[in-house]
Protein chains: 4
Amino acid sequence: MAHVIKAVDENYEARVRDSFGRQPAMRLIGARMGRVEAGYCEIELPFRDDLTQQHGLFHGGFTSAIADAACGYAAYTLFGAVDSVLSVEYKINFLSPAAGDKLVAIARAKKSGRTLTVCEFEVLAAKGGEQVLCACGIATMIRLADRPDRPQAG
Amino acid sequence: MAHVIKAVDENYEARVRDSFGRQPAMRLIGARMGRVEAGYCEIELPFRDDLTQQHGLFHGGFTSAIADAACGYAAYTLFGAVDSVLSVEYKINFLSPAAGDKLVAIARAKKSGRTLTVCEFEVLAAKGGEQVLCACGIATMIRLADRPDRPQAG
Amino acid sequence: MAHVIKAVDENYEARVRDSFGRQPAMRLIGARMGRVEAGYCEIELPFRDDLTQQHGLFHGGFTSAIADAACGYAAYTLFGAVDSVLSVEYKINFLSPAAGDKLVAIARAKKSGRTLTVCEFEVLAAKGGEQVLCACGIATMIRLADRPDRPQAG
Amino acid sequence: MAHVIKAVDENYEARVRDSFGRQPAMRLIGARMGRVEAGYCEIELPFRDDLTQQHGLFHGGFTSAIADAACGYAAYTLFGAVDSVLSVEYKINFLSPAAGDKLVAIARAKKSGRTLTVCEFEVLAAKGGEQVLCACGIATMIRLADRPDRPQAG
């Protein structure tokens with residue numbers, strides 16, 4: 001495929017981790033950022049009893065939450081230093097019960113244009129040494145040019 | 001339209017509220033079930049600082065979580081007393097910033113078949129007397145026949 | 001809801017019908033534009049044997065095609081005289097067999113921003129005096145500002 | 001991943017090609033079935049002037065039509081000899097202009113359960129020796145058990 005995924009801001013990883021660190025919602029559920037590369041982001045969610053639905057599995061709302069966040073940050077790695085990112089929409093399919101020690105959402109930018117970036121994601125449930133694909137989907141992100149994610153001093 | 005949405009279990013509201021009450025995840029974020037009717041369900045999420053993203057708005061993950069839950073329960077109102085419900089997939093569009101005193105997810109069954117039920121939803125952000133449409137989407141739910149949501153005594 | 005759907009180009013209907021008329025694909029399948037209003041568009045597809053799948057129903061590909069087109073034009077009614085429109089993405093649920101004398105795709109803009117417009121749609125199958133809801137979905141459209149749909153003389 | 005994609009009917013390829021051959025809609029647009037494997041299907045659409053939108057590109061409706069069909073048949077390879085397949089829903093993102101000598105929709109089953117099969121797809125536009133990714137998406141298919149796609153002799 002001719003389309004190249006490339007970061008324009010070499011400081012993208014620090015920028016992404018800093019933004020993630022300022023999200024109270026991710027702290028509430030205990031989500032952690034994993035590997036970050038240009039056009040790529042992983043977010044992990046270790047199991048906790050208060051993250052479950054009525055059958056003791058991870059609640060689908062949190063499966064979605066880390067998938068959406070991973071896609072947003074996979075896109076954000078490709079943006080400029082003073083841009084920010086918003087989710088336009090996403091679609092998720094639930095494939096298997098989300099049971100295990102942790103969930104890992106893995107997002108990859110599939111196409112990144114001037115305004116929109118499309119990411120695909122998978123969510124794996126890890127238990128012992130095994131991983132089960134429990135969800136997959138596609139998300140569309142929009143770049144807000146020249147609107148920094150972090151308020152400027154001033 | 002010829003298609004009729006009708007409950008087969010007259011006890012559906014108690015069954016739905018009971019199931020919702022057994023979800024630790026909904027308790028963690030402080031979600032509350034609102035109005036429930038045949039093929040219809042509302043879930044509210046009052047604002048809390050720990051539900052936000054980096055700009056102080058409701059995190060999209062929770063917008064999705066209550067939308068998905070509302071769709072699941074809108075479908076579940078239409079199922080039999082010993083069936084359970086699972087999310088197959090959903091798609092959500094984020095339309096406006098989710099700012100306000102609370103979010104309200106409103107789900108309606110659009111078509112309910114023997115196996116699959118399709119719901120549409122809106123999420124409104126309420127602030128003072130005003131409401132802003134902040135997300136909309138469509139979800140597909142599957143009926144698991146004769147698999148009760150609540151473990152039977154034995 | 002506070003959000004107002006309003007046309008900025010009073011000549012929108014002629015512009016939309018002109019654009020539709022220049023689509024060979026719509027001519028191939030015999031699709032016709034119905035009612036057009038600000039943020040609203042209908043496209044009809046009369047039954048023909050060569051539009052069917054193996055069971056004699058309308059092929060889902062054409063159900064989607066007129067739904068996508070109706071959403072594009074519903075969005076396009078709201079754009080400026082020298083803008084054009086592209087589909088970013090859509091999601092469709094098939095609810096009932098697409099059997100009948102014609103299909104009617106009905107699209108409404110749900111939110112129209114500077115760049116993106118989100119539409120919802122339904123596709124009805126009309127047979128005799130009755131209509132059956134056979135598909136529904138949501139589409140995201142992008143405005144290409146100052147890029148006319150029709151080549152300018154020059 | 002532990003999930004295995006495997007055909008249960010060894011005659012799947014003939015069954016799939018036979019079903020495709022009975023679709024008048026695919027004939028109308030000139031679509032051709034390419035490679036078929038267990039959980040995998042390609043459908044090609046050679047360029048024709050009457051398949052275009054107003055700018056001379058492939059119409060998005062046909063991009064979707066072959067993607068949906070490829071997903072349906074990728075799922076159908078995994079079904080039993082007397083089952084049939086229906087599209088439940090799909091979501092498509094348009095990534096690049098669909099320009100070229102032909103489109104190729106490539107679908108892969110990602111998870112195949114007793115009732116539902118989820119496929120992902122890409123649509124490539126081929127021009128000369130080059131291929132451009134012009135769309136991607138996810139589709140959910142349902143198995144109708146013991147309802148043959150082809151009417152039985154009686």
# chains A, B, ... in the order shown; residues from 1 in each chain; ligands from 1
call {"tool": "interface_residues", "arguments": {"of": "chain B", "to": "chain A", "cutoff": "7 Å", "atoms": "only C-alpha atoms", "output": "PyMOL selection string"}}
result
chain B and resi 19+22-25+28+50-54+59+61-62+64-65+68+87-94
call {"tool": "calpha_fit_and_write", "arguments": {"fixed": "chain A", "moving": "chain B", "output": "PDB file with C-alpha atoms, in the first residue's frame"}}
result
ATOM      1  CA  MET B   1      -0.042   0.025  -0.023  1.00  0.00           C
ATOM      2  CA  ALA B   2       1.296   3.405  -0.940  1.00  0.00           C
ATOM      3  CA  HIS B   3      -0.010   5.175   2.161  1.00  0.00           C
ATOM      4  CA  VAL B   4       2.728   5.970   4.690  1.00  0.00           C
ATOM      5  CA  ILE B   5       2.085   6.501   8.402  1.00  0.00           C
ATOM      6  CA  LYS B   6       4.695   8.929   9.727  1.00  0.00           C
ATOM      7  CA  ALA B   7       5.002  11.219  12.735  1.00  0.00           C
ATOM      8  CA  VAL B   8       5.671  14.923  12.105  1.00  0.00           C
ATOM      9  CA  ASP B   9       6.431  15.783  15.746  1.00  0.00           C
ATOM     10  CA  GLU B  10       9.422  13.792  16.966  1.00  0.00           C
ATOM     11  CA  ASN B  11       8.371  14.399  20.545  1.00  0.00           C
ATOM     12  CA  TYR B  12       5.091  12.529  20.016  1.00  0.00           C
ATOM     13  CA  GLU B  13       5.532   9.891  22.677  1.00  0.00           C
ATOM     14  CA  ALA B  14       6.046  12.336  25.548  1.00  0.00           C
ATOM     15  CA  ARG B  15       3.120  14.431  24.280  1.00  0.00           C
ATOM     16  CA  VAL B  16       0.826  11.384  24.150  1.00  0.00           C
ATOM     17  CA  ARG B  17       1.833  10.083  27.589  1.00  0.00           C
ATOM     18  CA  ASP B  18       1.413  13.528  29.099  1.00  0.00           C
ATOM     19  CA  SER B  19      -2.100  13.860  27.687  1.00  0.00           C
ATOM     20  CA  PHE B  20      -3.095  10.386  28.871  1.00  0.00           C
ATOM     21  CA  GLY B  21      -1.777  11.223  32.349  1.00  0.00           C
ATOM     22  CA  ARG B  22      -4.177  14.155  32.578  1.00  0.00           C
ATOM     23  CA  GLN B  23      -7.334  12.031  32.126  1.00  0.00           C
ATOM     24  CA  PRO B  24      -9.075  11.445  35.462  1.00  0.00           C
ATOM     25  CA  ALA B  25     -11.372   8.886  33.822  1.00  0.00           C
ATOM     26  CA  MET B  26      -8.471   6.622  32.862  1.00  0.00           C
ATOM     27  CA  ARG B  27      -7.177   6.882  36.429  1.00  0.00           C
ATOM     28  CA  LEU B  28     -10.593   5.970  37.842  1.00  0.00           C
ATOM     29  CA  ILE B  29     -10.657   2.660  35.991  1.00  0.00           C
ATOM     30  CA  GLY B  30      -6.934   1.987  36.401  1.00  0.00           C
ATOM     31  CA  ALA B  31      -6.041   2.039  32.689  1.00  0.00           C
ATOM     32  CA  ARG B  32      -2.340   2.248  31.795  1.00  0.00           C
ATOM     33  CA  MET B  33      -0.687   3.274  28.577  1.00  0.00           C
ATOM     34  CA  GLY B  34       1.495   0.569  27.054  1.00  0.00           C
ATOM     35  CA  ARG B  35       3.660   0.758  23.947  1.00  0.00           C
ATOM     36  CA  VAL B  36       3.409   3.934  21.846  1.00  0.00           C
ATOM     37  CA  GLU B  37       4.802   4.300  18.320  1.00  0.00           C
ATOM     38  CA  ALA B  38       4.027   6.467  15.333  1.00  0.00           C
ATOM     39  CA  GLY B  39       0.426   5.576  14.474  1.00  0.00           C
ATOM     40  CA  TYR B  40       0.244   2.940  17.181  1.00  0.00           C
ATOM     41  CA  CYS B  41      -0.899   2.817  20.798  1.00  0.00           C
ATOM     42  CA  GLU B  42      -1.672   0.188  23.424  1.00  0.00           C
ATOM     43  CA  ILE B  43      -3.781   0.723  26.546  1.00  0.00           C
ATOM     44  CA  GLU B  44      -4.077  -1.917  29.236  1.00  0.00           C
ATOM     45  CA  LEU B  45      -6.787  -2.412  31.821  1.00  0.00           C
ATOM     46  CA  PRO B  46      -5.933  -4.729  34.712  1.00  0.00           C
ATOM     47  CA  PHE B  47      -8.850  -6.669  36.170  1.00  0.00           C
ATOM     48  CA  ARG B  48     -10.695  -5.256  39.177  1.00  0.00           C
ATOM     49  CA  ASP B  49     -13.999  -6.388  40.657  1.00  0.00           C
ATOM     50  CA  ASP B  50     -15.510  -2.954  40.236  1.00  0.00           C
ATOM     51  CA  LEU B  51     -14.931  -3.023  36.465  1.00  0.00           C
ATOM     52  CA  THR B  52     -17.321  -5.922  35.885  1.00  0.00           C
ATOM     53  CA  GLN B  53     -20.870  -6.452  34.706  1.00  0.00           C
ATOM     54  CA  GLN B  54     -23.301  -8.807  36.398  1.00  0.00           C
ATOM     55  CA  HIS B  55     -21.463 -11.986  35.337  1.00  0.00           C
ATOM     56  CA  GLY B  56     -18.043 -11.001  36.607  1.00  0.00           C
ATOM     57  CA  LEU B  57     -16.597 -10.156  33.170  1.00  0.00           C
ATOM     58  CA  PHE B  58     -15.091  -6.808  32.215  1.00  0.00           C
ATOM     59  CA  HIS B  59     -17.936  -4.411  31.427  1.00  0.00           C
ATOM     60  CA  GLY B  60     -18.226  -3.675  27.719  1.00  0.00           C
ATOM     61  CA  GLY B  61     -18.237   0.033  28.487  1.00  0.00           C
ATOM     62  CA  PHE B  62     -14.629  -0.183  29.634  1.00  0.00           C
ATOM     63  CA  THR B  63     -13.619  -2.407  26.734  1.00  0.00           C
ATOM     64  CA  SER B  64     -14.892   0.397  24.514  1.00  0.00           C
ATOM     65  CA  ALA B  65     -13.355   3.145  26.637  1.00  0.00           C
ATOM     66  CA  ILE B  66      -9.801   1.826  26.311  1.00  0.00           C
ATOM     67  CA  ALA B  67     -10.302   1.024  22.621  1.00  0.00           C
ATOM     68  CA  ASP B  68     -11.496   4.554  21.889  1.00  0.00           C
ATOM     69  CA  ALA B  69      -8.651   6.041  23.925  1.00  0.00           C
ATOM     70  CA  ALA B  70      -6.041   3.869  22.192  1.00  0.00           C
ATOM     71  CA  CYS B  71      -7.358   4.981  18.787  1.00  0.00           C
ATOM     72  CA  GLY B  72      -7.335   8.628  19.811  1.00  0.00           C
ATOM     73  CA  TYR B  73      -3.721   8.388  20.932  1.00  0.00           C
ATOM     74  CA  ALA B  74      -2.622   6.322  17.920  1.00  0.00           C
ATOM     75  CA  ALA B  75      -3.934   9.189  15.792  1.00  0.00           C
ATOM     76  CA  TYR B  76      -2.491  11.816  18.117  1.00  0.00           C
ATOM     77  CA  THR B  77       1.046  10.446  17.653  1.00  0.00           C
ATOM     78  CA  LEU B  78       0.766  11.623  14.045  1.00  0.00           C
ATOM     79  CA  PHE B  79      -0.399  15.153  14.778  1.00  0.00           C
ATOM     80  CA  GLY B  80       1.611  18.329  15.225  1.00  0.00           C
ATOM     81  CA  ALA B  81       2.896  19.574  18.580  1.00  0.00           C
ATOM     82  CA  VAL B  82       0.084  22.096  19.033  1.00  0.00           C
ATOM     83  CA  ASP B  83      -2.826  20.093  17.612  1.00  0.00           C
ATOM     84  CA  SER B  84      -5.410  18.217  19.595  1.00  0.00           C
ATOM     85  CA  VAL B  85      -7.573  15.182  18.792  1.00  0.00           C
ATOM     86  CA  LEU B  86     -11.274  14.350  19.122  1.00  0.00           C
ATOM     87  CA  SER B  87     -13.199  11.138  18.457  1.00  0.00           C
ATOM     88  CA  VAL B  88     -15.637  11.572  15.581  1.00  0.00           C
ATOM     89  CA  GLU B  89     -17.148   8.104  15.824  1.00  0.00           C
ATOM     90  CA  TYR B  90     -16.318   4.466  16.274  1.00  0.00           C
ATOM     91  CA  LYS B  91     -17.803   1.037  15.829  1.00  0.00           C
ATOM     92  CA  ILE B  92     -17.016  -1.959  17.983  1.00  0.00           C
ATOM     93  CA  ASN B  93     -17.854  -5.654  17.677  1.00  0.00           C
ATOM     94  CA  PHE B  94     -17.768  -7.817  20.770  1.00  0.00           C
ATOM     95  CA  LEU B  95     -16.360 -11.187  19.762  1.00  0.00           C
ATOM     96  CA  SER B  96     -15.738 -13.169  22.959  1.00  0.00           C
ATOM     97  CA  PRO B  97     -16.345 -12.785  26.704  1.00  0.00           C
ATOM     98  CA  ALA B  98     -13.904 -10.267  28.182  1.00  0.00           C
ATOM     99  CA  ALA B  99     -12.536 -12.549  30.891  1.00  0.00           C
ATOM    100  CA  GLY B 100      -8.970 -12.489  32.138  1.00  0.00           C
ATOM    101  CA  ASP B 101      -6.307 -10.755  34.183  1.00  0.00           C
ATOM    102  CA  LYS B 102      -6.269  -7.722  31.932  1.00  0.00           C
ATOM    103  CA  LEU B 103      -7.535  -6.291  28.677  1.00  0.00           C
ATOM    104  CA  VAL B 104      -5.164  -4.812  26.115  1.00  0.00           C
ATOM    105  CA  ALA B 105      -6.502  -2.423  23.464  1.00  0.00           C
ATOM    106  CA  ILE B 106      -4.220  -2.168  20.427  1.00  0.00           C
ATOM    107  CA  ALA B 107      -4.869   0.636  17.938  1.00  0.00           C
ATOM    108  CA  ARG B 108      -3.225   1.315  14.582  1.00  0.00           C
ATOM    109  CA  ALA B 109      -3.721   4.259  12.257  1.00  0.00           C
ATOM    110  CA  LYS B 110      -4.862   2.891   8.913  1.00  0.00           C
ATOM    111  CA  LYS B 111      -5.044   6.189   7.055  1.00  0.00           C
ATOM    112  CA  SER B 112      -4.060   9.620   8.250  1.00  0.00           C
ATOM    113  CA  GLY B 113      -5.137  12.649   6.250  1.00  0.00           C
ATOM    114  CA  ARG B 114      -4.939  16.359   6.883  1.00  0.00           C
ATOM    115  CA  THR B 115      -8.174  16.416   8.883  1.00  0.00           C
ATOM    116  CA  LEU B 116      -9.257  12.831   9.578  1.00  0.00           C
ATOM    117  CA  THR B 117      -7.375   9.761  10.778  1.00  0.00           C
ATOM    118  CA  VAL B 118      -8.936   6.300  10.652  1.00  0.00           C
ATOM    119  CA  CYS B 119      -7.707   3.675  13.130  1.00  0.00           C
ATOM    120  CA  GLU B 120      -8.502   0.032  13.555  1.00  0.00           C
ATOM    121  CA  PHE B 121      -8.322  -1.664  16.913  1.00  0.00           C
ATOM    122  CA  GLU B 122      -8.405  -5.012  18.634  1.00  0.00           C
ATOM    123  CA  VAL B 123      -8.996  -5.690  22.310  1.00  0.00           C
ATOM    124  CA  LEU B 124      -7.357  -8.814  23.703  1.00  0.00           C
ATOM    125  CA  ALA B 125      -8.150 -10.455  27.024  1.00  0.00           C
ATOM    126  CA  ALA B 126      -4.968 -11.862  28.553  1.00  0.00           C
ATOM    127  CA  LYS B 127      -5.138 -14.725  31.010  1.00  0.00           C
ATOM    128  CA  GLY B 128      -1.989 -16.514  32.065  1.00  0.00           C
ATOM    129  CA  GLY B 129       0.055 -16.860  28.888  1.00  0.00           C
ATOM    130  CA  GLU B 130      -2.933 -16.890  26.561  1.00  0.00           C
ATOM    131  CA  GLN B 131      -4.684 -14.076  24.718  1.00  0.00           C
ATOM    132  CA  VAL B 132      -8.221 -14.109  23.368  1.00  0.00           C
ATOM    133  CA  LEU B 133      -9.507 -11.564  20.842  1.00  0.00           C
ATOM    134  CA  CYS B 134     -12.562 -10.140  22.574  1.00  0.00           C
ATOM    135  CA  ALA B 135     -13.398  -7.077  20.470  1.00  0.00           C
ATOM    136  CA  CYS B 136     -12.448  -5.292  17.272  1.00  0.00           C
ATOM    137  CA  GLY B 137     -13.466  -2.096  15.580  1.00  0.00           C
ATOM    138  CA  ILE B 138     -12.725   1.036  13.604  1.00  0.00           C
ATOM    139  CA  ALA B 139     -12.573   4.640  14.806  1.00  0.00           C
ATOM    140  CA  THR B 140     -12.458   8.010  13.037  1.00  0.00           C
ATOM    141  CA  MET B 141     -10.488  10.788  14.700  1.00  0.00           C
ATOM    142  CA  ILE B 142     -10.327  14.470  13.800  1.00  0.00           C
ATOM    143  CA  ARG B 143      -7.337  16.751  14.120  1.00  0.00           C
ATOM    144  CA  LEU B 144      -7.983  20.163  15.648  1.00  0.00           C
ATOM    145  CA  ALA B 145      -5.088  22.117  14.197  1.00  0.00           C
ATOM    146  CA  ASP B 146      -3.367  24.694  16.366  1.00  0.00           C
ATOM    147  CA  ARG B 147      -5.469  23.923  19.429  1.00  0.00           C
ATOM    148  CA  PRO B 148      -3.045  22.468  21.939  1.00  0.00           C
ATOM    149  CA  ASP B 149      -4.240  19.617  24.139  1.00  0.00           C
ATOM    150  CA  ARG B 150      -2.534  21.267  27.106  1.00  0.00           C
ATOM    151  CA  PRO B 151      -3.330  24.861  28.120  1.00  0.00           C
ATOM    152  CA  GLN B 152      -0.383  27.138  27.293  1.00  0.00           C
ATOM    153  CA  ALA B 153       1.230  29.171  29.984  1.00  0.00           C
ATOM    154  CA  GLY B 154       0.436  32.769  29.434  1.00  0.00           C
TER     155      GLY B 154
END
call {"tool": "select_by_dssp", "arguments": {"residues": "chain A", "states": "strand (DSSP E or B)", "output": "number ranges by chain"}}
result
A: 32-37, 40-46, 52, 58, 84-94, 102-112, 116-127, 130-144
call {"tool": "select_by_dssp", "arguments": {"residues": "chain A", "states": "alpha helix (DSSP H)", "output": "ChimeraX atom specification"}}
result
/A:12-21,24-29,60-76
call {"tool": "write_last_selection", "arguments": {"atoms": "N, CA and C atoms", "output": "CSV table (one decimal), in the first residue's frame"}}
result
chain,number,residue,atom,x,y,z
A,12,TYR,N,6.5,13.0,19.9
A,12,TYR,CA,5.1,12.5,20.0
A,12,TYR,C,4.8,11.6,21.2
A,13,GLU,N,5.8,10.8,21.6
A,13,GLU,CA,5.5,9.9,22.7
A,13,GLU,C,5.3,10.6,24.0
A,14,ALA,N,6.2,11.6,24.3
A,14,ALA,CA,6.0,12.3,25.5
A,14,ALA,C,4.7,13.1,25.6
A,15,ARG,N,4.4,13.7,24.4
A,15,ARG,CA,3.1,14.4,24.3
A,15,ARG,C,1.9,13.5,24.5
A,16,VAL,N,1.9,12.3,24.0
A,16,VAL,CA,0.8,11.4,24.1
A,16,VAL,C,0.7,10.9,25.6
A,17,ARG,N,1.8,10.6,26.2
A,17,ARG,CA,1.8,10.1,27.6
A,17,ARG,C,1.4,11.2,28.5
A,18,ASP,N,1.8,12.4,28.3
A,18,ASP,CA,1.4,13.5,29.1
A,18,ASP,C,-0.1,13.7,29.0
A,19,SER,N,-0.7,13.7,27.8
A,19,SER,CA,-2.1,13.9,27.7
A,19,SER,C,-2.9,12.7,28.4
A,20,PHE,N,-2.5,11.5,28.2
A,20,PHE,CA,-3.1,10.4,28.9
A,20,PHE,C,-3.1,10.6,30.4
A,21,GLY,N,-2.0,11.0,30.9
A,21,GLY,CA,-1.8,11.2,32.3
A,21,GLY,C,-2.7,12.3,32.9
A,24,PRO,N,-8.6,12.1,34.2
A,24,PRO,CA,-9.1,11.4,35.5
A,24,PRO,C,-9.9,10.2,35.2
A,25,ALA,N,-10.6,10.1,34.1
A,25,ALA,CA,-11.4,8.9,33.8
A,25,ALA,C,-10.5,7.6,33.7
A,26,MET,N,-9.4,7.8,33.0
A,26,MET,CA,-8.5,6.6,32.9
A,26,MET,C,-7.9,6.2,34.2
A,27,ARG,N,-7.7,7.2,35.1
A,27,ARG,CA,-7.2,6.9,36.4
A,27,ARG,C,-8.3,6.1,37.2
A,28,LEU,N,-9.5,6.6,37.1
A,28,LEU,CA,-10.6,6.0,37.8
A,28,LEU,C,-10.7,4.5,37.6
A,29,ILE,N,-10.5,4.1,36.3
A,29,ILE,CA,-10.7,2.7,36.0
A,29,ILE,C,-9.3,1.9,36.1
A,60,GLY,N,-18.5,-4.1,29.1
A,60,GLY,CA,-18.2,-3.7,27.7
A,60,GLY,C,-17.9,-2.2,27.6
A,61,GLY,N,-18.5,-1.4,28.5
A,61,GLY,CA,-18.2,0.0,28.5
A,61,GLY,C,-16.8,0.3,28.7
A,62,PHE,N,-16.1,-0.5,29.4
A,62,PHE,CA,-14.6,-0.2,29.6
A,62,PHE,C,-13.8,-0.8,28.5
A,63,THR,N,-14.2,-1.9,27.9
A,63,THR,CA,-13.6,-2.4,26.7
A,63,THR,C,-13.6,-1.3,25.7
A,64,SER,N,-14.8,-0.7,25.5
A,64,SER,CA,-14.9,0.4,24.5
A,64,SER,C,-14.0,1.6,24.9
A,65,ALA,N,-14.0,1.9,26.2
A,65,ALA,CA,-13.3,3.1,26.6
A,65,ALA,C,-11.9,3.1,26.3
A,66,ILE,N,-11.2,1.9,26.6
A,66,ILE,CA,-9.8,1.8,26.3
A,66,ILE,C,-9.5,1.7,24.8
A,67,ALA,N,-10.5,1.1,24.1
A,67,ALA,CA,-10.3,1.0,22.6
A,67,ALA,C,-10.3,2.4,22.0
A,68,ASP,N,-11.3,3.2,22.4
A,68,ASP,CA,-11.5,4.6,21.9
A,68,ASP,C,-10.3,5.4,22.3
A,69,ALA,N,-9.8,5.3,23.5
A,69,ALA,CA,-8.6,6.0,23.9
A,69,ALA,C,-7.4,5.6,23.2
A,70,ALA,N,-7.2,4.3,23.0
A,70,ALA,CA,-6.0,3.9,22.2
A,70,ALA,C,-6.1,4.4,20.8
A,71,CYS,N,-7.2,4.4,20.2
A,71,CYS,CA,-7.4,5.0,18.8
A,71,CYS,C,-7.1,6.5,18.8
A,72,GLY,N,-7.6,7.2,19.7
A,72,GLY,CA,-7.3,8.6,19.8
A,72,GLY,C,-5.8,8.9,19.9
A,73,TYR,N,-5.2,8.1,20.8
A,73,TYR,CA,-3.7,8.4,20.9
A,73,TYR,C,-2.9,7.9,19.8
A,74,ALA,N,-3.3,6.8,19.1
A,74,ALA,CA,-2.6,6.3,17.9
A,74,ALA,C,-2.7,7.4,16.9
A,75,ALA,N,-3.8,8.1,16.7
A,75,ALA,CA,-3.9,9.2,15.8
A,75,ALA,C,-3.1,10.4,16.3
A,76,TYR,N,-3.2,10.6,17.5
A,76,TYR,CA,-2.5,11.8,18.1
A,76,TYR,C,-1.0,11.8,18.0
